[in-house]
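Shown next: start.cif, given as mmCIF, C-alpha atoms.
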```cif
data_run
#
loop_
_atom_site.label_atom_id
_atom_site.label_comp_id
_atom_site.auth_asym_id
_atom_site.auth_seq_id
_atom_site.Cartn_x
_atom_site.Cartn_y
_atom_site.Cartn_z
CA MET A 15 -53.72 -44.38 -95.36
CA THR A 16 -52.09 -42.39 -92.57
CA ALA A 17 -53.05 -39.06 -91.00
CA GLN A 18 -50.03 -37.48 -92.70
CA ASP A 19 -51.26 -38.69 -96.11
CA LEU A 20 -54.62 -37.10 -95.43
CA THR A 21 -53.22 -33.75 -94.41
CA GLU A 22 -50.88 -33.53 -97.38
CA SER A 23 -53.14 -34.85 -100.13
CA PRO A 24 -55.44 -32.25 -101.79
CA ARG A 25 -57.14 -34.84 -104.01
CA PRO A 26 -60.93 -35.00 -103.76
CA ARG A 27 -62.46 -38.23 -102.58
CA GLY A 28 -65.86 -39.87 -102.85
CA LYS A 29 -68.42 -37.16 -103.58
CA GLY A 30 -65.83 -34.48 -104.08
CA ARG A 31 -64.84 -34.12 -100.40
CA PRO A 32 -61.21 -32.96 -100.10
CA ARG A 33 -59.25 -34.81 -97.45
CA THR A 34 -57.83 -31.77 -95.66
CA VAL A 35 -57.43 -30.62 -92.11
CA GLU A 36 -60.42 -28.31 -92.50
CA THR A 37 -62.79 -31.14 -93.38
CA ALA A 38 -61.32 -34.00 -91.33
CA ALA A 39 -60.53 -32.25 -88.05
CA PRO A 40 -64.11 -31.39 -86.94
CA SER A 41 -65.34 -34.95 -87.45
CA LEU A 42 -62.24 -36.38 -85.77
CA VAL A 43 -62.86 -34.14 -82.76
CA GLU A 44 -66.51 -35.15 -82.48
CA LEU A 45 -65.90 -38.87 -82.87
CA LEU A 46 -62.92 -38.93 -80.50
CA ASN A 47 -64.85 -37.15 -77.76
CA LEU A 48 -67.84 -39.48 -78.18
CA VAL A 49 -65.48 -42.38 -77.59
CA ARG A 50 -63.51 -40.65 -74.82
CA THR A 51 -66.59 -39.73 -72.79
CA GLY A 52 -68.19 -43.16 -73.23
CA ALA A 53 -71.15 -41.81 -75.20
CA ALA A 54 -70.46 -44.40 -77.93
CA ASN A 55 -68.22 -47.46 -78.05
CA THR A 56 -69.03 -49.20 -81.35
CA ARG A 57 -69.02 -48.02 -84.95
CA GLN A 58 -72.79 -48.36 -85.10
CA GLU A 59 -73.24 -46.18 -82.01
CA LEU A 60 -70.84 -43.61 -83.43
CA GLU A 61 -72.80 -43.45 -86.67
CA ARG A 62 -76.02 -42.98 -84.74
CA GLN A 63 -74.68 -40.39 -82.27
CA SER A 64 -72.71 -38.33 -84.78
CA GLU A 65 -75.03 -38.77 -87.78
CA PHE A 66 -71.97 -39.32 -89.96
CA GLY A 67 -72.15 -41.97 -92.64
CA ARG A 68 -70.54 -45.38 -92.30
CA ALA A 69 -67.68 -44.51 -94.67
CA VAL A 70 -66.83 -41.30 -92.81
CA VAL A 71 -66.86 -43.05 -89.42
CA ALA A 72 -64.69 -45.89 -90.75
CA ASP A 73 -62.25 -43.45 -92.34
CA ARG A 74 -61.93 -41.25 -89.25
CA LEU A 75 -61.50 -44.24 -86.92
CA THR A 76 -58.66 -45.45 -89.12
CA MET A 77 -57.03 -42.05 -88.76
CA LEU A 78 -57.54 -42.00 -84.99
CA GLY A 79 -56.13 -45.52 -84.78
CA ASP A 80 -53.06 -44.48 -86.80
CA LEU A 81 -52.58 -41.57 -84.39
CA GLY A 82 -52.80 -43.95 -81.43
CA LEU A 83 -55.86 -42.23 -79.95
CA VAL A 84 -58.36 -45.09 -80.20
CA ASP A 85 -58.15 -48.87 -80.07
CA GLU A 86 -60.46 -51.42 -81.75
CA SER A 87 -58.78 -54.65 -80.70
CA GLU A 88 -61.51 -55.80 -78.31
CA LEU A 89 -64.76 -57.54 -79.26
CA GLY A 90 -68.05 -56.74 -77.56
CA THR A 91 -70.98 -59.02 -76.76
CA ALA A 92 -72.89 -60.45 -79.70
CA THR A 93 -76.64 -59.76 -79.76
CA GLY A 94 -77.93 -62.16 -82.37
CA GLY A 95 -75.22 -61.66 -84.97
CA ARG A 96 -71.51 -60.98 -85.26
CA ALA A 97 -69.93 -59.50 -82.13
CA PRO A 98 -69.23 -55.78 -82.63
CA ARG A 99 -65.70 -54.48 -82.38
CA LEU A 100 -65.43 -52.09 -79.45
CA VAL A 101 -63.92 -48.64 -79.94
CA ARG A 102 -61.90 -47.60 -76.88
CA PHE A 103 -60.15 -44.36 -76.03
CA ALA A 104 -56.39 -44.96 -75.79
CA ALA A 105 -56.03 -43.38 -72.34
CA ARG A 106 -52.47 -44.73 -71.97
CA ARG A 107 -51.35 -43.01 -75.18
CA ALA A 108 -49.58 -40.46 -72.95
CA ALA A 109 -49.73 -39.19 -69.37
CA ILE A 110 -50.40 -36.08 -67.30
CA LEU A 111 -48.34 -34.83 -64.36
CA VAL A 112 -50.44 -33.46 -61.49
CA ALA A 113 -49.60 -31.66 -58.26
CA THR A 114 -51.37 -30.15 -55.26
CA LEU A 115 -49.71 -27.25 -53.46
CA ASP A 116 -51.25 -26.75 -50.03
CA GLN A 117 -50.10 -24.56 -47.15
CA THR A 118 -48.42 -27.49 -45.39
CA ALA A 119 -48.03 -30.23 -48.03
CA ILE A 120 -47.16 -31.09 -51.62
CA GLY A 121 -48.79 -33.93 -53.51
CA VAL A 122 -47.67 -35.20 -56.91
CA GLY A 123 -48.95 -37.89 -59.23
CA VAL A 124 -49.11 -39.32 -62.73
CA ALA A 125 -52.47 -39.79 -64.46
CA ASP A 126 -53.54 -41.22 -67.80
CA LEU A 127 -55.37 -39.17 -70.45
CA SER A 128 -58.78 -40.07 -69.02
CA GLY A 129 -57.82 -38.46 -65.72
CA LYS A 130 -57.32 -41.75 -63.86
CA LEU A 131 -54.61 -41.43 -61.21
CA LEU A 132 -51.86 -44.04 -61.70
CA THR A 133 -49.50 -43.13 -58.88
CA GLU A 134 -49.31 -40.51 -56.13
CA HIS A 135 -47.02 -39.24 -53.40
CA HIS A 136 -47.57 -36.74 -50.57
CA GLU A 137 -45.13 -35.03 -48.25
CA ALA A 138 -44.98 -32.12 -45.82
CA ALA A 139 -43.99 -28.72 -47.21
CA ASP A 140 -44.14 -25.04 -46.33
CA LEU A 141 -45.46 -22.76 -49.06
CA THR A 142 -43.93 -19.77 -47.33
CA ALA A 143 -40.45 -21.16 -48.04
CA PRO A 144 -38.41 -19.58 -50.87
CA PRO A 145 -40.31 -20.34 -54.10
CA ALA A 146 -37.17 -21.46 -55.97
CA GLU A 147 -36.61 -24.24 -53.42
CA LEU A 148 -40.21 -25.43 -53.61
CA ALA A 149 -40.13 -25.31 -57.42
CA ASP A 150 -36.96 -27.40 -57.42
CA ARG A 151 -38.61 -29.91 -55.10
CA LEU A 152 -41.72 -30.07 -57.27
CA THR A 153 -39.62 -30.61 -60.39
CA ALA A 154 -37.60 -33.34 -58.68
CA LEU A 155 -40.77 -35.11 -57.52
CA PHE A 156 -42.22 -34.92 -61.02
CA ARG A 157 -39.10 -36.51 -62.51
CA TRP A 158 -39.07 -39.19 -59.79
CA SER A 159 -42.73 -39.94 -60.51
CA MET A 160 -42.00 -40.27 -64.23
CA GLU A 161 -39.17 -42.70 -63.53
CA ARG A 162 -41.44 -44.69 -61.24
CA HIS A 163 -44.28 -44.84 -63.76
CA ALA A 164 -42.70 -44.07 -67.12
CA PRO A 165 -45.44 -43.28 -69.68
CA GLN A 166 -44.87 -44.87 -73.09
CA GLY A 167 -46.05 -41.84 -75.03
CA GLY A 168 -44.45 -39.20 -72.84
CA ILE A 169 -46.10 -36.35 -70.93
CA TRP A 170 -48.80 -34.21 -72.56
CA GLY A 171 -49.54 -31.73 -69.80
CA ILE A 172 -49.11 -30.55 -66.21
CA SER A 173 -52.04 -29.62 -63.97
CA LEU A 174 -51.60 -27.79 -60.68
CA SER A 175 -53.94 -27.34 -57.72
CA VAL A 176 -53.18 -24.20 -55.65
CA PRO A 177 -54.69 -22.61 -52.53
CA GLY A 178 -56.05 -19.41 -54.11
CA ALA A 179 -58.64 -18.71 -56.78
CA VAL A 180 -57.36 -18.84 -60.36
CA GLN A 181 -58.88 -16.42 -62.84
CA GLY A 182 -61.09 -18.00 -65.48
CA ALA A 183 -59.71 -18.90 -68.89
CA THR A 184 -61.14 -19.76 -72.29
CA GLU A 185 -61.90 -23.44 -72.85
CA GLY A 186 -58.70 -25.34 -73.55
CA ASP A 187 -56.39 -22.39 -72.94
CA PHE A 188 -53.15 -23.29 -71.19
CA LEU A 189 -51.21 -20.81 -69.08
CA THR A 190 -48.58 -18.67 -70.75
CA ALA A 191 -47.52 -16.92 -67.53
CA THR A 192 -47.83 -17.53 -63.80
CA PRO A 193 -51.05 -16.00 -62.39
CA PRO A 194 -50.98 -14.12 -59.07
CA VAL A 195 -52.47 -16.81 -56.85
CA LEU A 196 -49.76 -17.27 -54.19
CA PRO A 197 -48.56 -14.06 -52.49
CA ALA A 198 -45.33 -15.73 -51.35
CA TRP A 199 -44.61 -16.70 -54.96
CA GLU A 200 -45.28 -13.28 -56.49
CA GLY A 201 -42.88 -12.64 -59.33
CA PHE A 202 -41.62 -16.23 -59.49
CA PRO A 203 -42.16 -17.80 -62.96
CA LEU A 204 -43.47 -21.20 -61.87
CA VAL A 205 -45.53 -21.87 -65.01
CA GLU A 206 -42.77 -20.68 -67.32
CA THR A 207 -40.22 -22.85 -65.48
CA LEU A 208 -42.35 -25.99 -65.73
CA THR A 209 -43.14 -25.33 -69.40
CA ARG A 210 -39.42 -24.99 -70.20
CA ASP A 211 -38.34 -27.97 -68.10
CA PHE A 212 -40.97 -30.45 -69.31
CA GLY A 213 -41.99 -29.02 -72.70
CA VAL A 214 -45.74 -29.38 -72.09
CA PRO A 215 -48.69 -27.02 -71.49
CA VAL A 216 -49.61 -26.16 -67.89
CA TRP A 217 -53.06 -25.66 -66.35
CA MET A 218 -53.93 -24.42 -62.87
CA ARG A 219 -57.07 -24.41 -60.70
CA SER A 220 -57.88 -23.67 -57.07
CA SER A 221 -57.70 -26.52 -54.56
CA VAL A 222 -61.43 -26.27 -53.90
CA GLU A 223 -62.18 -26.67 -57.62
CA THR A 224 -59.85 -29.63 -58.10
CA MET A 225 -61.16 -31.38 -54.97
CA THR A 226 -64.71 -30.82 -56.21
CA MET A 227 -63.76 -32.36 -59.56
CA GLY A 228 -62.11 -35.30 -57.81
CA GLU A 229 -65.19 -35.95 -55.68
CA LEU A 230 -67.48 -35.63 -58.71
CA HIS A 231 -65.57 -38.08 -60.91
CA ALA A 232 -64.05 -40.54 -58.43
CA GLY A 233 -65.72 -40.05 -55.04
CA ALA A 234 -69.14 -40.10 -53.43
CA ALA A 235 -70.59 -37.76 -56.08
CA ILE A 236 -70.15 -40.07 -59.09
CA GLY A 237 -73.29 -39.73 -61.20
CA THR A 238 -74.47 -36.67 -59.26
CA ARG A 239 -75.82 -33.74 -61.26
CA SER A 240 -75.81 -31.11 -58.49
CA MET A 241 -73.45 -30.90 -55.53
CA LEU A 242 -71.91 -28.51 -53.03
CA PHE A 243 -68.37 -29.32 -51.92
CA LEU A 244 -67.04 -27.62 -48.77
CA LYS A 245 -63.37 -27.39 -47.88
CA VAL A 246 -62.92 -26.37 -44.24
CA GLY A 247 -59.55 -25.10 -43.10
CA ARG A 248 -57.94 -21.74 -42.48
CA ARG A 249 -60.11 -20.62 -45.36
CA ILE A 250 -63.55 -22.00 -46.10
CA GLY A 251 -64.47 -22.44 -49.76
CA ALA A 252 -67.21 -24.09 -51.78
CA GLY A 253 -67.17 -25.94 -55.07
CA ILE A 254 -70.44 -25.80 -57.00
CA VAL A 255 -71.57 -28.49 -59.44
CA CYS A 256 -74.57 -27.65 -61.63
CA ASP A 257 -75.97 -30.06 -64.23
CA GLY A 258 -72.94 -32.31 -63.80
CA GLN A 259 -70.42 -29.53 -64.49
CA LEU A 260 -68.19 -27.46 -62.21
CA TYR A 261 -69.46 -23.88 -62.08
CA ARG A 262 -66.53 -21.43 -61.97
CA GLY A 263 -68.32 -18.10 -62.31
CA ALA A 264 -67.36 -15.18 -64.54
CA HIS A 265 -63.73 -15.03 -63.38
CA GLY A 266 -63.09 -18.36 -61.65
CA ALA A 267 -64.08 -16.97 -58.25
CA ALA A 268 -67.32 -18.87 -57.58
CA GLY A 269 -67.60 -20.34 -54.09
CA LEU A 270 -65.53 -17.86 -52.06
CA ILE A 271 -67.93 -18.19 -49.15
CA GLY A 272 -65.24 -17.53 -46.54
CA SER A 273 -65.66 -13.81 -47.24
CA LEU A 274 -69.38 -13.81 -46.38
CA PRO A 275 -70.30 -11.97 -43.16
CA VAL A 276 -71.59 -13.92 -40.14
CA THR A 277 -72.33 -13.05 -36.52
CA SER A 278 -71.42 -15.07 -33.44
CA GLY A 279 -71.70 -14.08 -29.77
CA GLY A 280 -72.11 -10.42 -30.60
CA ARG A 281 -69.10 -10.43 -32.95
CA SER A 282 -69.40 -9.96 -36.69
CA GLY A 283 -66.86 -10.82 -39.35
CA PRO A 284 -66.11 -13.03 -42.35
CA LEU A 285 -66.83 -16.74 -42.10
CA ASP A 286 -63.11 -17.55 -42.42
CA ALA A 287 -62.30 -15.53 -39.29
CA LEU A 288 -65.20 -16.74 -37.13
CA ALA A 289 -65.41 -20.41 -38.15
CA GLY A 290 -62.11 -21.42 -39.80
CA SER A 291 -59.19 -23.30 -38.27
CA ASP A 292 -57.56 -20.10 -36.96
CA MET A 293 -60.64 -19.47 -34.82
CA ILE A 294 -60.68 -23.09 -33.61
CA GLN A 295 -57.00 -22.88 -32.65
CA ARG A 296 -57.42 -19.50 -30.96
CA GLU A 297 -60.46 -20.59 -28.92
CA GLY A 298 -58.78 -23.89 -28.03
CA LEU A 299 -55.73 -22.07 -26.71
CA SER A 300 -57.99 -19.79 -24.67
CA ALA A 301 -59.86 -22.81 -23.24
CA ALA A 302 -56.54 -24.40 -22.24
CA GLN A 303 -55.28 -21.25 -20.54
CA ASP A 304 -58.42 -20.41 -18.56
CA GLY A 305 -59.06 -23.99 -17.43
CA ARG A 306 -62.24 -24.66 -19.40
CA SER A 307 -60.52 -27.59 -21.07
CA PRO A 308 -58.34 -29.71 -18.75
CA MET A 309 -57.55 -31.94 -21.74
CA LEU A 310 -56.09 -29.10 -23.84
CA ALA A 311 -54.42 -27.62 -20.75
CA ASP A 312 -52.63 -30.95 -20.21
CA ILE A 313 -51.35 -30.92 -23.80
CA GLN A 314 -50.01 -27.42 -23.28
CA ARG A 315 -48.48 -28.31 -19.91
CA ARG A 316 -46.55 -31.16 -21.54
CA GLY A 317 -45.11 -28.76 -24.11
CA GLY A 318 -47.47 -29.66 -26.96
CA GLU A 319 -48.86 -27.11 -29.38
CA ILE A 320 -52.58 -26.40 -29.42
CA THR A 321 -53.73 -26.47 -33.04
CA ALA A 322 -57.13 -26.92 -34.64
CA ILE A 323 -56.36 -30.64 -34.98
CA GLU A 324 -55.79 -31.03 -31.22
CA VAL A 325 -59.09 -29.25 -30.55
CA SER A 326 -60.86 -31.50 -33.07
CA GLN A 327 -59.40 -34.65 -31.54
CA ALA A 328 -60.32 -33.48 -28.04
CA ALA A 329 -63.88 -32.83 -29.20
CA GLN A 330 -64.11 -36.32 -30.66
CA ILE A 331 -63.33 -37.92 -27.32
CA GLY A 332 -65.80 -35.74 -25.44
CA ASP A 333 -63.98 -32.63 -24.16
CA PRO A 334 -66.90 -30.21 -23.49
CA ALA A 335 -65.03 -26.98 -24.32
CA SER A 336 -63.70 -28.42 -27.59
CA VAL A 337 -67.13 -29.75 -28.50
CA ALA A 338 -68.56 -26.24 -28.00
CA ILE A 339 -65.88 -24.69 -30.23
CA LEU A 340 -66.44 -27.19 -33.06
CA THR A 341 -70.21 -26.91 -32.72
CA GLU A 342 -70.09 -23.12 -33.03
CA SER A 343 -67.90 -23.39 -36.15
CA GLY A 344 -70.24 -25.97 -37.70
CA HIS A 345 -73.35 -23.89 -37.00
CA LEU A 346 -71.84 -20.80 -38.66
CA ILE A 347 -70.73 -22.79 -41.70
CA GLY A 348 -74.12 -24.50 -41.85
CA GLN A 349 -75.97 -21.16 -41.86
CA VAL A 350 -74.06 -20.05 -44.95
CA VAL A 351 -74.41 -23.46 -46.62
CA ALA A 352 -78.16 -23.43 -45.96
CA THR A 353 -78.45 -20.22 -47.98
CA LEU A 354 -76.57 -21.88 -50.85
CA ALA A 355 -78.69 -25.02 -50.55
CA ASN A 356 -81.92 -23.02 -50.76
CA ALA A 357 -80.61 -21.24 -53.86
CA LEU A 358 -79.13 -24.28 -55.66
CA ASN A 359 -81.10 -27.30 -54.35
CA PRO A 360 -78.15 -29.76 -54.47
CA GLU A 361 -78.48 -33.54 -54.27
CA LEU A 362 -75.38 -33.84 -52.14
CA ILE A 363 -73.18 -31.75 -49.84
CA VAL A 364 -69.67 -33.07 -49.18
CA LEU A 365 -67.38 -31.69 -46.45
CA SER A 366 -63.61 -32.10 -46.53
CA GLY A 367 -60.52 -30.89 -44.70
CA SER A 368 -58.43 -32.20 -41.81
CA ILE A 369 -60.79 -30.70 -39.20
CA VAL A 370 -63.76 -32.54 -40.69
CA GLN A 371 -61.80 -35.78 -41.02
CA THR A 372 -60.74 -35.89 -37.35
CA ASN A 373 -64.16 -35.60 -35.67
CA ASP A 374 -67.91 -35.96 -36.17
CA ILE A 375 -68.90 -32.84 -34.22
CA LEU A 376 -68.48 -30.25 -36.95
CA LEU A 377 -70.28 -32.41 -39.54
CA ALA A 378 -73.20 -32.91 -37.14
CA ALA A 379 -73.42 -29.17 -36.46
CA VAL A 380 -73.43 -28.36 -40.18
CA ARG A 381 -76.19 -30.89 -40.75
CA GLU A 382 -78.25 -29.44 -37.90
CA ALA A 383 -77.94 -25.89 -39.25
CA VAL A 384 -78.65 -26.81 -42.88
CA TYR A 385 -81.64 -29.04 -42.13
CA GLY A 386 -83.01 -26.44 -39.73
CA ALA A 387 -82.71 -23.43 -42.04
CA SER A 388 -83.56 -24.92 -45.45
CA HIS A 389 -86.88 -25.38 -47.20
CA PRO A 390 -88.36 -28.88 -46.72
CA PHE A 391 -88.25 -29.53 -50.48
CA VAL A 392 -84.50 -28.77 -50.45
CA THR A 393 -83.70 -31.17 -47.61
CA ARG A 394 -86.15 -33.96 -48.51
CA ASP A 395 -83.54 -36.11 -50.28
CA LEU A 396 -80.42 -34.08 -49.42
CA ARG A 397 -77.38 -36.00 -48.17
CA ILE A 398 -74.64 -34.23 -46.17
CA ILE A 399 -71.55 -36.42 -45.86
CA ARG A 400 -67.82 -36.35 -45.23
CA SER A 401 -65.41 -36.93 -48.11
CA GLN A 402 -63.63 -40.29 -48.14
CA MET A 403 -61.01 -39.28 -50.72
CA GLY A 404 -58.70 -37.29 -48.46
CA SER A 405 -55.64 -35.80 -50.12
CA SER A 406 -56.22 -37.80 -53.32
CA ALA A 407 -59.21 -35.65 -54.31
CA GLY A 408 -57.09 -32.69 -55.42
CA LEU A 409 -54.79 -34.84 -57.56
CA VAL A 410 -57.68 -36.67 -59.22
CA GLY A 411 -59.44 -33.36 -59.88
CA ALA A 412 -56.30 -31.77 -61.31
CA ALA A 413 -55.97 -34.73 -63.67
CA ARG A 414 -59.58 -34.29 -64.81
CA VAL A 415 -58.97 -30.60 -65.44
CA ALA A 416 -56.03 -31.37 -67.75
CA SER A 417 -57.92 -34.17 -69.51
CA GLU A 418 -60.91 -31.94 -70.21
CA GLN A 419 -58.71 -29.08 -71.40
CA LEU A 420 -56.57 -31.27 -73.68
CA PHE A 421 -59.67 -32.62 -75.40
CA ALA A 422 -61.81 -29.49 -75.37
CA PRO A 423 -63.09 -29.21 -78.97
CA SER A 424 -61.61 -25.75 -79.59
CA PHE A 425 -58.18 -26.94 -78.41
CA LEU A 426 -58.31 -30.46 -79.83
CA LYS A 427 -59.10 -29.40 -83.39
CA GLU A 428 -55.76 -27.56 -83.54
CA TRP A 429 -53.66 -30.62 -82.77
CA VAL A 430 -55.66 -33.77 -83.50
CA MET A 431 -54.32 -34.18 -87.05
CA GLN A 432 -50.74 -34.17 -85.69
CA GLY A 433 -51.59 -36.64 -82.92
CA SER A 434 -50.12 -34.62 -80.04
CA PRO A 435 -51.02 -31.38 -78.22
CA LEU A 436 -47.34 -30.48 -78.26
CA ALA A 437 -47.87 -29.68 -81.94
CA HIS A 438 -50.61 -27.14 -81.14
CA PRO A 439 -49.59 -23.91 -82.97
CA ALA A 440 -50.13 -21.66 -79.93
CA PHE A 441 -48.09 -23.95 -77.70
CA ALA A 442 -45.29 -24.18 -80.26
CA ALA A 443 -45.24 -20.37 -80.36
CA LEU A 444 -45.03 -20.22 -76.56
CA GLN A 445 -42.10 -22.62 -76.53
CA ASP A 446 -40.29 -20.50 -79.11
CA ARG A 447 -40.84 -17.38 -77.01
CA LEU A 448 -39.69 -19.04 -73.80
CA SER A 449 -36.59 -20.48 -75.48
CA GLN A 450 -35.60 -16.97 -76.61
CA THR A 451 -35.99 -15.59 -73.09
CA ALA A 452 -34.61 -18.55 -71.17
CA PRO A 453 -32.81 -17.43 -68.00
CA PRO A 454 -29.18 -18.45 -67.39
CA PRO A 455 -28.68 -21.55 -65.22
CA PRO A 456 -28.97 -20.65 -61.52
CA PRO A 457 -25.88 -20.89 -59.31
CA PRO A 458 -25.63 -23.99 -57.13
CA ARG A 459 -27.65 -23.71 -53.93
CA ALA A 460 -27.33 -25.53 -50.66
CA GLY A 461 -29.62 -28.55 -50.41
CA THR A 462 -32.98 -28.27 -48.71
CA GLY A 463 -32.32 -31.31 -46.58
CA GLN A 464 -35.02 -33.27 -48.37
CA GLU A 465 -34.33 -36.54 -50.13
CA LEU A 466 -36.41 -38.03 -52.88
CA PRO A 467 -38.84 -40.61 -51.49
CA ARG A 468 -37.76 -44.20 -51.80
#
```

Kindly transcribe the structure held in the file into structure tokens.
Amino acid sequence: MTAQDLTESPRPRGKGRPRTVETAAPSLVELLNLVRTGAANTRQELERQSEFGRAVVADRLTMLGDLGLVDESELGTATGGRAPRLVRFAARRAAILVATLDQTAIGVGVADLSGKLLTEHHEAADLTAPPAELADRLTALFRWSMERHAPQGGIWGISLSVPGAVQGATEGDFLTATPPVLPAWEGFPLVETLTRDFGVPVWMRSSVETMTMGELHAGAAIGTRSMLFLKVGRRIGAGIVCDGQLYRGAHGAAGLIGSLPVTSGGRSGPLDALAGSDMIQREGLSAAQDGRSPMLADIQRRGGEITAIEVSQAAQIGDPASVAILTESGHLIGQVVATLANALNPELIVLSGSIVQTNDILLAAVREAVYGASHPFVTRDLRIIRSQMGSSAGLVGAARVASEQLFAPSFLKEWVMQGSPLAHPAFAALQDRLSQTAPPPPPPRAGTGQELPR
């Protein structure tokens, strides 16, 4: 009996239960998510966890197998009797396209439905460039990634990581229009363009949120219930994990700590301005010009540019002026993080960003400030570490966002009987609307000078 038979047949079955979408969908959703999350992986465990009867579990697993969403081909370990047949989530049933858009780079990848990254690519980019050119590049990289790792069941969604905060959305809701997160892209229909070009729903989260999700599910925070994730760059943001879940706040703006006021050397201002990479670059340039840092002055004399990375590298090899700059930044960040730690009592604090990756000075200064300003109970078992995931964290986190949204119960129940989220009524309606308002093909433009990676 197929899923189509069940949706079309109104005949009662067993104890008068009609086999309709209304009765089958809720149990399908519950059983599929128990399997997908690893809460149960045999029929017996599913019966126990769901409290459905054996016949219902068997019937729904047959349906999910027909839809290609679960697999029962593998045998488990016998414990005194017949070996149980394992129920596995069919994560390779389809794939998810993911991308990170940072100020100076683009990352793209392909992930399976569990959020596992299958392939990735990173390259330099400038988000202040014309949005149409960047959108074309992103589309080309997506298509190249699909050719390189062609998913058997096609693409079921696109998930983007962007620099700014993205307003909160209802569980499972995909984007129907491009939110105002990138000033340089204001008015450009990125989401609408991707939805038309690839025919799949699109989700979007801030880079801090996706990196937090990546660290939680594939990095040092695996199994952690409470964590603070810090991204240090031009802007300083925090990702907050409470009870194993990312906390987004009322409007998706949780963790904007770069706007908090701090004071340093008689100056007051937001944390971004007094501790971010712009401050590090500015103070490094000043140290080079007034002779406090012979090392940075030599870089400038040879025609090199003084950036926050040069200051960080100079600090790592012992340049006193650069060490002082990084230490001041770390102490200011640590003061703010200590306040969060006292309020949230995390198990783990993870720092990320190119400045953190290139030296140990800033991390040590953050640790000193947090341990010095936090309650002893808060710091007793607290670990403060540097992320080891690098640029992969945002892609992994974006994949997890799409996976969780695709299989969110409220969203899943609308498409599970058809076997694909592309059949979701709201998404079908969006596609109809976009097809009626499709723009004319753009005129040919000069190339950007970028070739697809080989």

| task | Name the residues that the PyMOL selection byres ((chain A and resi 335) around 8) pulls out of this structure, and write them as an NGL selection string. | result | :A and (298 or 301 or 306-307 or 329 or 333-334 or 336-339)

Can I get the selected residues back with C-alpha atoms, as a PDB file, keeping the file's coordinate frame?
```pdb
ATOM      1  CA  GLY A 298     -58.780 -23.890 -28.030  1.00  0.00           C
ATOM      2  CA  ALA A 301     -59.860 -22.810 -23.240  1.00  0.00           C
ATOM      3  CA  ARG A 306     -62.240 -24.660 -19.400  1.00  0.00           C
ATOM      4  CA  SER A 307     -60.520 -27.590 -21.070  1.00  0.00           C
ATOM      5  CA  ALA A 329     -63.880 -32.830 -29.200  1.00  0.00           C
ATOM      6  CA  ASP A 333     -63.980 -32.630 -24.160  1.00  0.00           C
ATOM      7  CA  PRO A 334     -66.900 -30.210 -23.490  1.00  0.00           C
ATOM      8  CA  SER A 336     -63.700 -28.420 -27.590  1.00  0.00           C
ATOM      9  CA  VAL A 337     -67.130 -29.750 -28.500  1.00  0.00           C
ATOM     10  CA  ALA A 338     -68.560 -26.240 -28.000  1.00  0.00           C
ATOM     11  CA  ILE A 339     -65.880 -24.690 -30.230  1.00  0.00           C
TER      12      ILE A 339
END
```

Sorted by chain and rising residue number, list the residues of segment 410-436 of chain A at most 10 Å from segment 217-235 of chain A (counting all atoms listed in the file), each with its closest atom pair and distance in Å to one decimal, as CSV.
```
residue,atom,partner,partner_atom,distance
A:Val410,CA,A:Gly228,CA,4.8
A:Gly411,CA,A:Gly228,CA,3.9
A:Ala412,CA,A:Thr224,CA,5.2
A:Ala413,CA,A:Thr224,CA,8.5
A:Arg414,CA,A:Met227,CA,7.0
A:Val415,CA,A:Thr224,CA,7.5
A:Ala416,CA,A:Trp217,CA,6.6
A:Gln419,CA,A:Trp217,CA,8.3
A:Leu420,CA,A:Trp217,CA,9.9
```

| query | Could you spell out the hits of the PyMOL selection byres ((chain A and resi 137) around 10) on the shown file, as a ChimeraX atom specification? | reply | /A:118-122,135-136,138-139,467

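Distance-wise, atom CA of Val392 of chain A and atom CA of Asn356 of chain A end up 6.3 Å apart.
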
| task | Just give me the residues with any atom within 10 Å of (-53.3, -13.4, -55.0), file coordinates, counting all atoms listed in the file, written as a VMD selection string. | result | chain A and resid 177 to 180 193 to 200

Got time to write the residues from that selection, C-alpha atoms, as a JSON list (two decimals), keeping the file's coordinate frame?
```
[["chain", "number", "residue", "atom", "x", "y", "z"],
["A", 177, "PRO", "CA", -54.69, -22.61, -52.53],
["A", 178, "GLY", "CA", -56.05, -19.41, -54.11],
["A", 179, "ALA", "CA", -58.64, -18.71, -56.78],
["A", 180, "VAL", "CA", -57.36, -18.84, -60.36],
["A", 193, "PRO", "CA", -51.05, -16.00, -62.39],
["A", 194, "PRO", "CA", -50.98, -14.12, -59.07],
["A", 195, "VAL", "CA", -52.47, -16.81, -56.85],
["A", 196, "LEU", "CA", -49.76, -17.27, -54.19],
["A", 197, "PRO", "CA", -48.56, -14.06, -52.49],
["A", 198, "ALA", "CA", -45.33, -15.73, -51.35],
["A", 199, "TRP", "CA", -44.61, -16.70, -54.96],
["A", 200, "GLU", "CA", -45.28, -13.28, -56.49]]
```

Could you produce a table of the residues of segment 86-194 of chain A lying within 8 Å of segment 46-59 of chain A, with the nearest pair of atoms per residue and their separation in Å rounded to one decimal, using only C-alpha atoms, ordered by chain and increasing residue number, as a tab-separated table?
```
residue	atom	partner	partner_atom	distance
A:Pro98	CA	A:Thr56	CA	6.7
A:Arg99	CA	A:Thr56	CA	6.3
A:Leu100	CA	A:Thr56	CA	5.0
A:Val101	CA	A:Asn55	CA	4.8
A:Arg102	CA	A:Val49	CA	6.4
A:Phe103	CA	A:Arg50	CA	5.1
A:Ser128	CA	A:Arg50	CA	7.5
```
